[in-house]
>>> print(open('final_24.txt').read())   # compact mmCIF, C-alpha atoms and all ligand atoms
# COMPACT_ATOMS: atom_id res chain seq x y z
CA MET Q 228 57.14 41.61 91.56
CA SER Q 229 56.23 44.47 93.83
CA PHE Q 230 58.22 46.31 96.43
CA GLU Q 231 56.91 49.20 98.46
CA LEU Q 232 58.07 51.06 101.54
CA ASP Q 233 56.35 49.52 104.55
CA PRO Q 234 52.63 50.37 104.17
CA THR Q 235 52.07 49.90 107.92
CA PHE Q 236 53.54 53.36 108.35
CA ALA Q 237 51.45 55.20 105.80
CA SER Q 238 50.59 58.79 106.70
CA ASP Q 239 47.60 60.99 106.09
CA PRO Q 240 48.78 63.80 103.79
CA GLU Q 241 45.62 65.76 104.54
CA LYS Q 242 46.79 66.51 108.08
CA HIS Q 243 48.66 69.69 108.97
CA PHE Q 244 52.37 70.00 109.75
CA ASN Q 245 51.91 70.29 113.53
CA THR Q 246 49.87 67.09 113.53
CA LEU Q 247 52.06 65.14 111.13
CA GLN Q 248 55.24 65.86 113.11
CA ILE Q 249 53.67 64.08 116.10
CA HIS Q 250 51.57 61.33 114.53
CA ALA Q 251 52.83 60.45 111.04
CA GLY Q 252 54.51 57.10 110.65
CA PHE Q 253 53.42 55.44 113.86
CA ALA Q 254 50.21 54.14 115.35
CA PRO Q 255 50.18 52.65 118.87
CA GLU Q 256 52.04 49.37 118.75
CA PRO Q 257 49.46 46.53 118.31
CA THR Q 258 51.13 43.81 120.38
CA THR Q 259 51.93 45.68 123.57
CA GLY Q 260 49.91 48.88 123.16
CA SER Q 261 53.05 51.01 123.51
CA ALA Q 262 51.93 54.57 122.80
CA ALA Q 263 55.46 55.88 122.28
CA LEU Q 264 57.53 54.65 119.35
CA PRO Q 265 59.35 51.54 120.62
CA ILE Q 266 63.03 50.90 119.94
CA TYR Q 267 62.99 47.67 117.97
CA ALA Q 268 66.48 46.52 118.94
CA THR Q 269 66.69 43.57 116.63
CA ALA Q 270 69.10 42.78 113.83
CA ALA Q 271 66.73 40.43 112.03
CA TRP Q 272 63.01 39.69 111.94
CA GLN Q 273 61.47 36.28 112.53
CA PHE Q 274 59.53 34.72 109.66
CA ASP Q 275 56.20 32.93 110.22
CA ASP Q 276 57.24 29.90 108.20
CA ALA Q 277 59.38 28.86 105.23
CA GLU Q 278 56.89 30.30 102.73
CA ASP Q 279 56.82 33.67 104.52
CA ALA Q 280 60.63 33.74 104.47
CA ALA Q 281 60.85 32.92 100.77
CA GLU Q 282 58.18 35.46 99.80
CA LYS Q 283 59.72 38.26 101.82
CA PHE Q 284 63.10 37.52 100.26
CA ALA Q 285 61.51 37.50 96.81
CA LEU Q 286 59.85 40.84 97.73
CA SER Q 287 56.43 39.48 96.85
CA ARG Q 288 55.30 39.90 100.48
CA PRO Q 289 56.07 43.14 102.37
CA GLY Q 290 57.69 43.05 105.78
CA ASN Q 291 60.93 43.30 107.67
CA VAL Q 292 63.75 40.88 106.90
CA TYR Q 293 66.99 42.37 108.20
CA SER Q 294 67.60 45.68 109.95
CA ARG Q 295 70.32 46.88 107.60
CA LEU Q 296 67.43 47.57 105.21
CA THR Q 297 64.29 48.05 107.27
CA ASN Q 298 63.55 48.35 110.96
CA SER Q 299 60.16 49.38 112.32
CA THR Q 300 61.60 52.18 114.50
CA THR Q 301 63.67 53.62 111.68
CA ASP Q 302 60.88 53.21 109.12
CA ALA Q 303 58.48 55.14 111.34
CA ILE Q 304 60.90 58.07 111.37
CA ALA Q 305 61.42 57.85 107.62
CA ALA Q 306 57.65 57.95 107.06
CA ARG Q 307 57.33 60.92 109.41
CA VAL Q 308 60.06 62.80 107.57
CA ALA Q 309 58.39 62.08 104.22
CA ALA Q 310 55.07 63.34 105.61
CA ILE Q 311 56.43 66.63 106.93
CA GLU Q 312 58.33 67.22 103.66
CA GLY Q 313 55.12 66.64 101.67
CA ALA Q 314 56.97 63.94 99.73
CA ALA Q 315 56.19 60.41 98.55
CA ALA Q 316 58.75 58.50 100.61
CA ALA Q 317 61.95 58.82 102.61
CA VAL Q 318 64.78 56.56 103.67
CA ALA Q 319 66.33 57.32 107.06
CA VAL Q 320 70.06 56.61 107.16
CA ALA Q 321 73.05 56.92 109.46
CA SER Q 322 73.98 60.55 108.74
CA GLY Q 323 73.39 63.47 106.41
CA HIS Q 324 76.57 62.48 104.60
CA ALA Q 325 75.32 58.93 104.15
CA ALA Q 326 72.12 60.38 102.67
CA GLU Q 327 74.20 62.41 100.20
CA ILE Q 328 76.41 59.51 99.10
CA LEU Q 329 73.45 57.16 98.69
CA ALA Q 330 71.45 59.75 96.75
CA PHE Q 331 74.32 60.87 94.52
CA THR Q 332 75.40 57.34 93.60
CA ASN Q 333 71.80 56.24 93.12
CA ILE Q 334 71.80 57.90 89.68
CA ALA Q 335 75.43 58.92 88.99
CA LYS Q 336 78.20 56.46 88.23
CA ALA Q 337 81.75 56.54 86.83
CA GLY Q 338 81.88 58.85 83.84
CA ASP Q 339 78.94 60.98 85.00
CA HIS Q 340 78.87 64.62 86.03
CA ILE Q 341 77.15 66.91 88.54
CA VAL Q 342 76.64 70.68 88.59
CA ALA Q 343 76.60 72.05 92.15
CA SER Q 344 76.22 75.43 93.75
CA ASP Q 345 79.39 76.82 95.31
CA SER Q 346 77.58 77.61 98.57
CA LEU Q 347 77.76 74.23 100.30
CA TYR Q 348 78.72 72.63 103.59
CA GLY Q 349 82.49 71.90 103.65
CA GLY Q 350 81.87 68.18 104.07
CA THR Q 351 79.75 68.18 100.93
CA TRP Q 352 82.54 69.93 99.03
CA ASN Q 353 84.78 67.06 100.16
CA ILE Q 354 82.32 64.39 99.01
CA LEU Q 355 81.99 65.99 95.60
CA LEU Q 356 85.63 67.01 95.13
CA HIS Q 357 87.27 63.86 96.43
CA THR Q 358 85.10 60.84 97.22
CA LEU Q 359 82.94 61.10 94.11
CA ASP Q 360 85.99 62.05 92.05
CA ASP Q 361 87.64 58.80 93.27
CA LEU Q 362 84.56 57.00 91.94
CA GLY Q 363 84.94 58.70 88.54
CA ILE Q 364 82.12 61.23 89.04
CA LYS Q 365 83.13 64.85 88.39
CA THR Q 366 81.49 68.00 89.75
CA THR Q 367 81.52 71.53 88.36
CA PHE Q 368 80.86 74.21 91.01
CA VAL Q 369 79.05 77.34 89.87
CA PRO Q 370 77.93 80.50 91.68
CA ASN Q 371 74.75 79.89 93.68
CA ASN Q 372 71.63 81.02 91.76
CA ASP Q 373 73.60 81.86 88.59
CA ILE Q 374 71.23 79.97 86.29
CA ASP Q 375 73.27 80.80 83.18
CA ALA Q 376 76.34 79.29 84.86
CA PHE Q 377 74.38 76.15 85.82
CA VAL Q 378 73.19 75.79 82.22
CA ALA Q 379 76.64 76.51 80.75
CA ALA Q 380 78.27 73.93 83.05
CA THR Q 381 75.76 71.21 82.12
CA GLN Q 382 77.15 68.46 79.92
CA GLU Q 383 75.65 65.48 78.09
CA ASN Q 384 76.63 63.26 81.05
CA THR Q 385 75.30 65.62 83.78
CA LYS Q 386 72.87 63.72 86.03
CA PHE Q 387 71.59 66.41 88.37
CA TRP Q 388 72.02 69.89 89.80
CA TYR Q 389 72.68 70.29 93.51
CA VAL Q 390 72.04 73.15 95.95
CA GLU Q 391 71.46 73.83 99.64
CA THR Q 392 68.21 75.71 100.35
CA ILE Q 393 70.11 77.86 102.86
CA GLY Q 394 73.85 77.47 102.26
CA ASN Q 395 76.17 76.45 105.09
CA PRO Q 396 77.70 78.70 106.26
CA LEU Q 397 76.91 81.67 104.00
CA VAL Q 398 73.14 81.45 104.71
CA ASP Q 399 72.38 82.50 101.15
CA VAL Q 400 69.06 81.17 99.86
CA ALA Q 401 68.85 79.14 96.64
CA ASP Q 402 66.04 80.08 94.28
CA VAL Q 403 64.71 76.53 94.11
CA PRO Q 404 61.67 77.21 91.84
CA LYS Q 405 63.82 79.02 89.26
CA LEU Q 406 66.51 76.32 89.40
CA VAL Q 407 63.86 73.59 89.02
CA ASP Q 408 62.44 75.32 85.92
CA ALA Q 409 65.86 75.71 84.33
CA ALA Q 410 66.89 72.16 85.19
CA LYS Q 411 63.62 70.78 83.82
CA SER Q 412 64.16 72.52 80.51
CA LEU Q 413 67.36 70.43 80.25
CA ASN Q 414 65.54 67.30 81.50
CA LEU Q 415 67.53 67.26 84.73
CA PRO Q 416 66.40 66.79 88.33
CA LEU Q 417 67.31 69.23 91.11
CA ILE Q 418 68.51 67.69 94.36
CA VAL Q 419 68.21 70.03 97.36
CA ASP Q 420 69.85 69.80 100.78
CA ASN Q 421 67.14 71.33 102.96
CA THR Q 422 68.96 70.92 106.30
CA PHE Q 423 69.24 74.63 107.17
CA ALA Q 424 65.62 75.42 106.28
CA THR Q 425 63.86 72.29 107.62
CA PRO Q 426 60.47 71.43 106.11
CA TYR Q 427 58.84 73.79 108.61
CA LEU Q 428 60.27 76.77 106.74
CA TYR Q 429 60.43 75.27 103.27
CA ARG Q 430 59.31 72.15 101.40
CA PRO Q 431 61.40 71.85 98.20
CA ALA Q 432 59.20 68.97 96.96
CA GLU Q 433 56.31 71.43 96.58
CA ASP Q 434 58.43 73.55 94.23
CA GLY Q 435 59.44 70.59 92.06
CA ALA Q 436 62.74 69.44 93.58
CA ALA Q 437 63.11 65.75 92.71
CA VAL Q 438 65.05 64.61 95.75
CA ILE Q 439 65.66 66.25 99.12
CA ILE Q 440 68.51 65.59 101.55
CA GLU Q 441 68.17 66.27 105.25
CA SER Q 442 70.79 65.94 107.96
CA LEU Q 443 68.54 64.83 110.83
CA THR Q 444 71.43 65.68 113.16
CA LYS Q 445 70.53 69.39 113.02
CA TRP Q 446 67.21 71.18 113.61
CA ILE Q 447 65.01 68.19 112.74
CA GLY Q 448 66.50 66.12 115.59
CA GLY Q 449 67.05 69.35 117.46
CA HIS Q 450 68.95 68.14 120.49
CA GLY Q 451 72.45 67.42 119.21
CA ALA Q 452 72.17 63.99 120.80
CA THR Q 453 72.69 61.84 117.71
CA ILE Q 454 73.60 61.75 114.04
CA GLY Q 455 71.13 60.86 111.28
CA GLY Q 456 70.10 61.69 107.75
CA ALA Q 457 67.36 61.15 105.20
CA VAL Q 458 66.97 60.80 101.45
CA ILE Q 459 63.53 62.03 100.49
CA ASP Q 460 61.85 61.22 97.18
CA ALA Q 461 59.36 63.88 96.08
CA GLY Q 462 57.79 61.22 93.88
CA THR Q 463 57.10 63.70 91.09
CA TYR Q 464 60.13 63.40 88.81
CA ASP Q 465 59.72 61.49 85.53
CA TRP Q 466 62.92 59.42 85.49
CA GLY Q 467 61.98 57.81 82.18
CA ALA Q 468 61.36 61.07 80.27
CA VAL Q 469 64.64 60.75 78.38
CA PRO Q 470 65.20 57.08 77.48
CA GLY Q 471 68.51 55.81 78.84
CA LYS Q 472 69.24 58.90 80.98
CA PHE Q 473 68.69 57.19 84.36
CA PRO Q 474 69.31 53.50 83.67
CA THR Q 475 69.67 52.60 87.36
CA LEU Q 476 65.98 53.44 87.78
CA THR Q 477 64.50 52.55 84.40
CA GLU Q 478 66.40 49.42 83.34
CA PRO Q 479 66.43 45.96 84.98
CA ASP Q 480 68.49 45.86 88.19
CA GLU Q 481 70.41 42.59 87.95
CA SER Q 482 71.24 42.81 91.64
CA TYR Q 483 67.53 42.73 92.51
CA HIS Q 484 65.76 40.02 90.54
CA GLY Q 485 65.83 42.28 87.47
CA ALA Q 486 63.60 44.90 89.12
CA VAL Q 487 62.89 48.02 87.07
CA TRP Q 488 62.42 50.49 89.91
CA THR Q 489 60.17 52.93 88.02
CA GLN Q 490 57.78 50.00 87.44
CA ALA Q 491 58.24 48.09 90.70
CA ALA Q 492 57.80 51.22 92.85
CA PRO Q 493 56.24 53.91 90.64
CA ALA Q 494 55.28 56.16 93.57
CA ALA Q 495 58.88 56.51 94.81
CA PRO Q 496 61.42 54.74 92.58
CA PHE Q 497 64.36 56.86 93.76
CA ALA Q 498 63.83 56.18 97.48
CA THR Q 499 63.01 52.54 96.88
CA ARG Q 500 66.27 51.94 95.06
CA VAL Q 501 68.21 53.85 97.71
CA LEU Q 502 66.73 51.50 100.30
CA ALA Q 503 66.65 48.20 98.45
CA GLN Q 504 69.92 48.49 96.57
CA ARG Q 505 72.23 51.26 97.81
CA LEU Q 506 71.55 50.88 101.55
CA ARG Q 507 71.62 47.10 101.20
CA ASP Q 508 75.09 47.17 99.60
CA ILE Q 509 76.78 50.19 101.19
CA GLY Q 510 75.13 49.75 104.59
CA PRO Q 511 74.99 53.13 106.46
CA THR Q 512 71.86 52.13 108.37
CA LEU Q 513 70.29 54.39 111.00
CA SER Q 514 70.30 52.64 114.37
CA PRO Q 515 66.83 52.29 115.93
CA TYR Q 516 68.19 53.92 119.11
CA ALA Q 517 69.18 57.01 117.12
CA ALA Q 518 65.92 56.91 115.16
CA GLN Q 519 63.87 56.97 118.36
CA LEU Q 520 65.81 60.01 119.63
CA ILE Q 521 65.29 61.78 116.32
CA GLY Q 522 61.58 60.97 116.49
CA LEU Q 523 61.31 62.65 119.89
CA GLY Q 524 62.90 65.73 118.36
CA ILE Q 525 60.62 65.83 115.34
CA GLU Q 526 57.55 66.04 117.60
CA THR Q 527 58.50 69.64 118.51
CA LEU Q 528 60.12 70.74 115.24
CA SER Q 529 57.66 73.51 114.40
CA LEU Q 530 57.86 75.03 117.89
CA ARG Q 531 61.64 74.96 117.94
CA ALA Q 532 62.16 76.10 114.33
CA GLN Q 533 59.87 79.07 115.01
CA ARG Q 534 61.79 80.07 118.14
CA HIS Q 535 65.17 79.55 116.41
CA SER Q 536 64.02 81.84 113.60
CA ASP Q 537 62.58 84.50 115.92
CA ASN Q 538 65.70 84.51 118.10
CA ALA Q 539 68.05 84.56 115.09
CA LEU Q 540 66.30 87.59 113.61
CA ALA Q 541 66.65 89.48 116.90
CA VAL Q 542 70.34 88.50 117.20
CA ALA Q 543 70.99 89.51 113.56
CA LYS Q 544 69.44 92.94 114.19
CA PHE Q 545 71.51 93.37 117.34
CA LEU Q 546 74.74 92.48 115.51
CA GLU Q 547 73.85 94.69 112.55
CA SER Q 548 73.74 97.75 114.80
CA HIS Q 549 76.79 96.84 116.92
CA PRO Q 550 79.73 99.24 116.43
CA LYS Q 551 82.35 96.48 116.51
CA VAL Q 552 80.62 94.33 113.89
CA SER Q 553 81.61 95.00 110.28
CA TRP Q 554 79.04 92.83 108.52
CA VAL Q 555 76.19 90.37 109.20
CA ARG Q 556 74.45 87.93 106.87
CA TYR Q 557 71.00 86.67 107.76
CA PRO Q 558 68.25 86.22 105.16
CA GLY Q 559 65.74 87.86 107.49
CA LEU Q 560 67.57 91.23 107.39
CA GLU Q 561 65.94 93.55 104.89
CA ASN Q 562 69.20 94.52 103.21
CA ASP Q 563 70.52 90.97 103.02
CA PRO Q 564 71.27 89.85 99.43
CA SER Q 565 69.03 86.79 99.94
CA HIS Q 566 66.12 88.66 101.53
CA GLU Q 567 63.96 88.83 98.40
CA ILE Q 568 64.32 85.11 97.58
CA ALA Q 569 63.97 84.14 101.24
CA SER Q 570 60.79 86.21 101.67
CA ARG Q 571 59.30 84.53 98.60
CA LEU Q 572 60.26 80.96 99.56
CA LEU Q 573 60.46 80.60 103.32
CA LYS Q 574 57.44 80.45 105.60
CA HIS Q 575 57.29 81.44 109.27
CA GLY Q 576 60.85 82.82 109.49
CA PHE Q 577 64.36 82.72 108.10
CA GLY Q 578 66.12 79.93 109.98
CA GLY Q 579 68.38 79.62 112.98
CA ALA Q 580 71.82 80.30 111.49
CA LEU Q 581 73.63 83.56 110.85
CA VAL Q 582 77.19 84.66 110.09
CA PHE Q 583 79.09 87.83 110.88
CA GLY Q 584 82.55 89.41 110.99
CA THR Q 585 84.05 91.95 113.33
CA LYS Q 586 86.06 95.06 112.52
CA ALA Q 587 89.00 93.28 114.19
CA GLY Q 588 88.95 90.63 111.43
CA ARG Q 589 89.86 86.99 111.98
CA GLN Q 590 91.46 87.71 115.38
CA GLY Q 591 88.37 89.60 116.55
CA GLY Q 592 86.15 86.68 115.63
CA LEU Q 593 88.36 84.20 117.43
CA GLU Q 594 88.32 86.43 120.54
CA VAL Q 595 84.51 86.55 120.47
CA ILE Q 596 84.52 82.75 120.34
CA ASN Q 597 86.97 82.55 123.25
CA ASN Q 598 84.96 84.97 125.37
CA VAL Q 599 81.39 83.73 124.99
CA LYS Q 600 80.00 82.00 128.07
CA LEU Q 601 76.49 80.87 127.07
CA HIS Q 602 77.33 79.89 123.48
CA THR Q 603 78.98 76.51 123.05
CA LEU Q 604 82.01 76.20 120.75
CA LEU Q 605 81.38 73.10 118.68
CA ALA Q 606 80.99 71.87 115.10
CA ASN Q 607 77.26 71.51 114.79
CA VAL Q 608 74.12 73.52 114.13
CA GLY Q 609 70.46 73.15 115.03
CA ASP Q 610 70.89 72.22 118.67
CA ALA Q 611 68.51 73.77 121.23
CA LYS Q 612 71.65 75.43 122.64
CA SER Q 613 73.30 78.42 120.95
CA LEU Q 614 76.46 77.31 119.13
CA ILE Q 615 79.37 79.25 117.68
CA ILE Q 616 82.31 78.36 115.41
CA HIS Q 617 84.94 79.72 113.00
CA PRO Q 618 84.32 77.63 109.83
CA ALA Q 619 87.58 78.47 107.97
CA SER Q 620 89.66 76.80 110.70
CA THR Q 621 87.19 73.98 111.47
CA THR Q 622 84.21 72.73 109.42
CA HIS Q 623 85.67 73.98 106.12
CA SER Q 624 89.38 73.63 107.03
CA GLN Q 625 90.02 70.83 104.53
CA LEU Q 626 89.44 73.32 101.72
CA THR Q 627 92.49 75.04 100.20
CA ALA Q 628 92.79 78.84 100.27
CA GLU Q 629 91.51 78.94 96.66
CA GLN Q 630 88.58 76.65 97.49
CA LEU Q 631 87.74 78.76 100.54
CA GLU Q 632 87.67 81.79 98.28
CA ALA Q 633 85.54 79.93 95.73
CA ALA Q 634 83.14 79.06 98.57
CA HIS Q 635 83.10 82.79 99.54
CA LEU Q 636 84.35 81.91 103.01
CA SER Q 637 86.17 84.90 104.44
CA GLU Q 638 88.77 84.49 107.20
CA ASP Q 639 86.77 86.62 109.63
CA LEU Q 640 83.47 84.72 109.23
CA ILE Q 641 81.91 83.50 112.49
CA ARG Q 642 78.87 81.21 112.31
CA VAL Q 643 76.25 81.26 115.05
CA SER Q 644 73.50 78.67 115.35
CA VAL Q 645 71.06 80.65 117.44
CA GLY Q 646 69.46 78.47 120.11
CA ILE Q 647 66.09 78.58 121.79
CA GLU Q 648 67.28 80.04 125.09
CA ASP Q 649 65.86 83.43 126.14
CA VAL Q 650 66.96 85.78 123.39
CA ASP Q 651 68.00 88.48 125.86
CA ASP Q 652 70.54 86.08 127.36
CA ILE Q 653 71.89 85.14 123.92
CA ILE Q 654 72.31 88.79 122.98
CA ALA Q 655 73.87 89.69 126.36
CA ASP Q 656 76.42 86.91 125.90
CA LEU Q 657 77.49 88.14 122.45
CA ASP Q 658 77.51 91.72 123.74
CA GLN Q 659 79.89 90.97 126.61
CA ALA Q 660 82.17 88.95 124.28
CA LEU Q 661 82.24 91.77 121.71
CA ALA Q 662 83.07 94.24 124.51
CA LYS Q 663 86.32 92.35 125.11
CA ILE Q 664 87.79 92.77 121.60
C1 LIG H 1 73.96 71.49 105.11
C2 LIG H 1 74.50 70.20 105.61
N1 LIG H 1 74.27 69.07 104.93
C3 LIG H 1 74.73 67.88 105.35
C4 LIG H 1 75.49 67.78 106.48
C5 LIG H 1 76.01 66.45 106.90
O1 LIG H 1 75.18 65.92 107.90
P1 LIG H 1 75.73 64.89 109.01
O2 LIG H 1 76.69 65.64 109.87
O3 LIG H 1 74.49 64.46 109.68
O4 LIG H 1 76.41 63.78 108.27
C6 LIG H 1 75.77 68.92 107.24
C7 LIG H 1 76.57 68.84 108.47
O5 LIG H 1 76.94 69.83 109.04
C8 LIG H 1 75.26 70.16 106.79
O6 LIG H 1 75.48 71.31 107.46
>>> encode(input="final_24.txt", output="structure tokens")
Amino acid sequence: MSFELDPTFASDPEKHFNTLQIHAGFAPEPTTGSAALPIYATAAWQFDDAEDAAEKFALSRPGNVYSRLTNSTTDAIAARVAAIEGAAAAVAVASGHAAEILAFTNIAKAGDHIVASDSLYGGTWNILLHTLDDLGIKTTFVPNNDIDAFVAATQENTKFWYVETIGNPLVDVADVPKLVDAAKSLNLPLIVDNTFATPYLYRPAEDGAAVIIESLTKWIGGHGATIGGAVIDAGTYDWGAVPGKFPTLTEPDESYHGAVWTQAAPAAPFATRVLAQRLRDIGPTLSPYAAQLIGLGIETLSLRAQRHSDNALAVAKFLESHPKVSWVRYPGLENDPSHEIASRLLKHGFGGALVFGTKAGRQGGLEVINNVKLHTLLANVGDAKSLIIHPASTTHSQLTAEQLEAAHLSEDLIRVSVGIEDVDDIIADLDQALAKI
């Protein structure tokens, strides 16, 4: 039996990022000649005859069957994401959260354990603290980049370590190569949420991360017009190195004709199981309408990510020298605690997000938010527009006071997702809002 991600959408890994983001995953559509990626709005795919149907169901012939699993619009986007991450394969799914749940439960089940950095998106804290806990999977949170703490927290039943390349909202940078080395010495994979860096700034697969999560909702999509996510399989991790450690990948899958995923799909067993088993059963499929929108965004990722980074650095420098601002965190600032790691890991710039506090504390931050005119107050990042929010009362508000403290989230922290407008206008807007506190 063989099962591979749709070979029609194979990419050329020799091409450069700027080319891949436009061409990977899609060649002009053969039937109609459509040059743009069509929206294949179909729930199911017609078989040629009874034999074709039976073989596709038995996975002995590749091809679309049902759009909960594969759809040619969505697959094109998945292949494009894999290409720009420099990875073996990707599965595009309904949201970043769906990508996390599918990836986590692909190798962890009841009785298993995860070690995660404490610098994570609030929604991810919720998944780990509550939803996975309900499923019998426990997580220990340790200080970001404290390798000794990661090692000390690791147990016999630990399945992976988890970090965000650039933490949301603290914008501290995880030392992925060092974490990969330490995890490998314990025969564990590192899973990295690369949403805040995007593959334009950083490709965790190249530094040995086993699996990468992206929320396509943010900079990769880039327009704030839809939700999406991806599970990306670097294709380099040896899941069979410790016999019995990852049975969902190395032992027969009774729910799929007894497939052993490391044998059936050796190039990308993790992604293949996410698609063929987890997505099939749990079902958070990316709609082809959303996939097409995300694809339009990806075409300009490098241009936008560069401008976001350039603008964010200028805004961070402005805030750093503003008399009413008490602190700023941005990995591009020379005195930022993450600057050394960020300079070593990130290419082209330091990302589009920054956080700061005012000397007037929580109230000062809220007044800035209420007085900005160009910035939009909403719970998202990575939009072309500049966005602003107070995480402690919004994105991270489900955390208790103790959990907020554990996540290093101070009451005065304001997060800005710096857009690609003219930077002088962004700065002028923050300046006039700060003048009012
Ligand atoms: C770092 C990070 N990962 C994952 C997610 C979840 O992505 P989505 O909102 O697409 O489900 C978010 C959302 O803000 C995020 O900031």
>>> closest_atom_pairs(input="final_24.txt", of="chain Q", to="ligand LIG 1 (chain H)", cutoff="7 Å", atoms="only C-alpha atoms and all ligand atoms", output="tab-separated table")
residue	atom	partner	partner_atom	distance
Q:Ser322	CA	H:LIG1	O3	4.1
Q:Gly323	CA	H:LIG1	O1	3.4
Q:His324	CA	H:LIG1	O4	3.9
Q:Ala325	CA	H:LIG1	O4	6.5
Q:Leu347	CA	H:LIG1	C1	6.7
Q:Tyr348	CA	H:LIG1	C1	5.1
Q:Gly350	CA	H:LIG1	C5	6.7
Q:Thr351	CA	H:LIG1	C3	6.7
Q:Glu391	CA	H:LIG1	C1	6.5
Q:Gly394	CA	H:LIG1	C1	6.6
Q:Asn395	CA	H:LIG1	C1	5.4
Q:Asp420	CA	H:LIG1	N1	6.1
Q:Thr422	CA	H:LIG1	C1	5.2
Q:Phe423	CA	H:LIG1	C1	6.0
Q:Glu441	CA	H:LIG1	N1	6.7
Q:Ser442	CA	H:LIG1	O3	4.3
Q:Leu443	CA	H:LIG1	O3	6.1
Q:Thr444	CA	H:LIG1	O3	4.8
Q:Ile454	CA	H:LIG1	O3	5.2
Q:Gly455	CA	H:LIG1	O3	5.2
Q:Gly456	CA	H:LIG1	O3	5.5
Q:Asn607	CA	H:LIG1	O5	6.0
Q:Val608	CA	H:LIG1	O5	6.9
>>> closest_residue(input="final_24.txt", among="Q:Leu626, Q:Ile568, Q:Ala655, Q:Ala254", to="Q:Asp399", atoms="all atoms listed in the file")
Q:Ile568
>>> closest_residue(input="final_24.txt", among="Q:Ile374, Q:Arg295, Q:Ala335, Q:Ala401", to="Q:Ala569", atoms="only C-alpha atoms")
Q:Ala401
>>> closest_residue(input="final_24.txt", among="Q:Ala270, Q:Ala503, Q:Leu572, Q:Ile334", to="Q:Lys405", atoms="all atoms listed in the file")
Q:Leu572
>>> closest_atom_pairs(input="final_24.txt", of="stretch 239-300 of chain Q", to="stretch 483-497 of chain Q", cutoff="12 Å", atoms="all atoms listed in the file", output="CSV")
residue,atom,partner,partner_atom,distance
Q:Phe284,CA,Q:Tyr483,CA,10.3
Q:Ala285,CA,Q:His484,CA,8.0
Q:Leu286,CA,Q:His484,CA,9.3
Q:Ser287,CA,Q:Ala491,CA,10.7
>>> residues_around(input="final_24.txt", residues="Q:Ala517", least_positions_apart="2", cutoff="8 Å", atoms="all atoms listed in the file", output="ChimeraX atom specification")
/Q:453-455,513-515,519-521
>>> write_last_selection(input="final_24.txt", atoms="C-alpha atoms", output="CSV table (one decimal), in the frame of the given file")
chain,number,residue,atom,x,y,z
Q,453,THR,CA,72.7,61.8,117.7
Q,454,ILE,CA,73.6,61.8,114.0
Q,455,GLY,CA,71.1,60.9,111.3
Q,513,LEU,CA,70.3,54.4,111.0
Q,514,SER,CA,70.3,52.6,114.4
Q,515,PRO,CA,66.8,52.3,115.9
Q,519,GLN,CA,63.9,57.0,118.4
Q,520,LEU,CA,65.8,60.0,119.6
Q,521,ILE,CA,65.3,61.8,116.3
>>> closest_residue(input="final_24.txt", among="Q:Ile525, Q:Ala337, Q:Ala498, Q:Val419", to="Q:His250", atoms="all atoms listed in the file")
Q:Ile525
>>> build_atoms(input="final_24.txt", residues="stretch 524-533 of chain Q", atoms="N, CA and C atoms", output="PDB file, keeping the file's coordinate frame")
ATOM      1  N   GLY Q 524      62.622  64.359 118.799  1.00  0.00           N
ATOM      2  CA  GLY Q 524      62.900  65.730 118.360  1.00  0.00           C
ATOM      3  C   GLY Q 524      61.859  66.231 117.377  1.00  0.00           C
ATOM      4  N   ILE Q 525      61.537  65.391 116.409  1.00  0.00           N
ATOM      5  CA  ILE Q 525      60.620  65.830 115.340  1.00  0.00           C
ATOM      6  C   ILE Q 525      59.278  66.296 115.926  1.00  0.00           C
ATOM      7  N   GLU Q 526      58.856  65.691 117.023  1.00  0.00           N
ATOM      8  CA  GLU Q 526      57.550  66.040 117.600  1.00  0.00           C
ATOM      9  C   GLU Q 526      57.418  67.542 117.913  1.00  0.00           C
ATOM     10  N   THR Q 527      58.552  68.207 118.153  1.00  0.00           N
ATOM     11  CA  THR Q 527      58.500  69.640 118.510  1.00  0.00           C
ATOM     12  C   THR Q 527      59.161  70.533 117.449  1.00  0.00           C
ATOM     13  N   LEU Q 528      59.366  69.987 116.250  1.00  0.00           N
ATOM     14  CA  LEU Q 528      60.120  70.740 115.240  1.00  0.00           C
ATOM     15  C   LEU Q 528      59.527  72.133 114.980  1.00  0.00           C
ATOM     16  N   SER Q 529      58.226  72.216 114.775  1.00  0.00           N
ATOM     17  CA  SER Q 529      57.660  73.510 114.400  1.00  0.00           C
ATOM     18  C   SER Q 529      57.844  74.543 115.519  1.00  0.00           C
ATOM     19  N   LEU Q 530      57.704  74.095 116.766  1.00  0.00           N
ATOM     20  CA  LEU Q 530      57.860  75.030 117.890  1.00  0.00           C
ATOM     21  C   LEU Q 530      59.305  75.532 117.969  1.00  0.00           C
ATOM     22  N   ARG Q 531      60.230  74.574 117.828  1.00  0.00           N
ATOM     23  CA  ARG Q 531      61.640  74.960 117.940  1.00  0.00           C
ATOM     24  C   ARG Q 531      62.082  75.816 116.758  1.00  0.00           C
ATOM     25  N   ALA Q 532      61.708  75.361 115.524  1.00  0.00           N
ATOM     26  CA  ALA Q 532      62.160  76.100 114.330  1.00  0.00           C
ATOM     27  C   ALA Q 532      61.623  77.529 114.364  1.00  0.00           C
ATOM     28  N   GLN Q 533      60.411  77.710 114.897  1.00  0.00           N
ATOM     29  CA  GLN Q 533      59.870  79.070 115.010  1.00  0.00           C
ATOM     30  C   GLN Q 533      60.712  79.908 115.975  1.00  0.00           C
TER      31      GLN Q 533
END
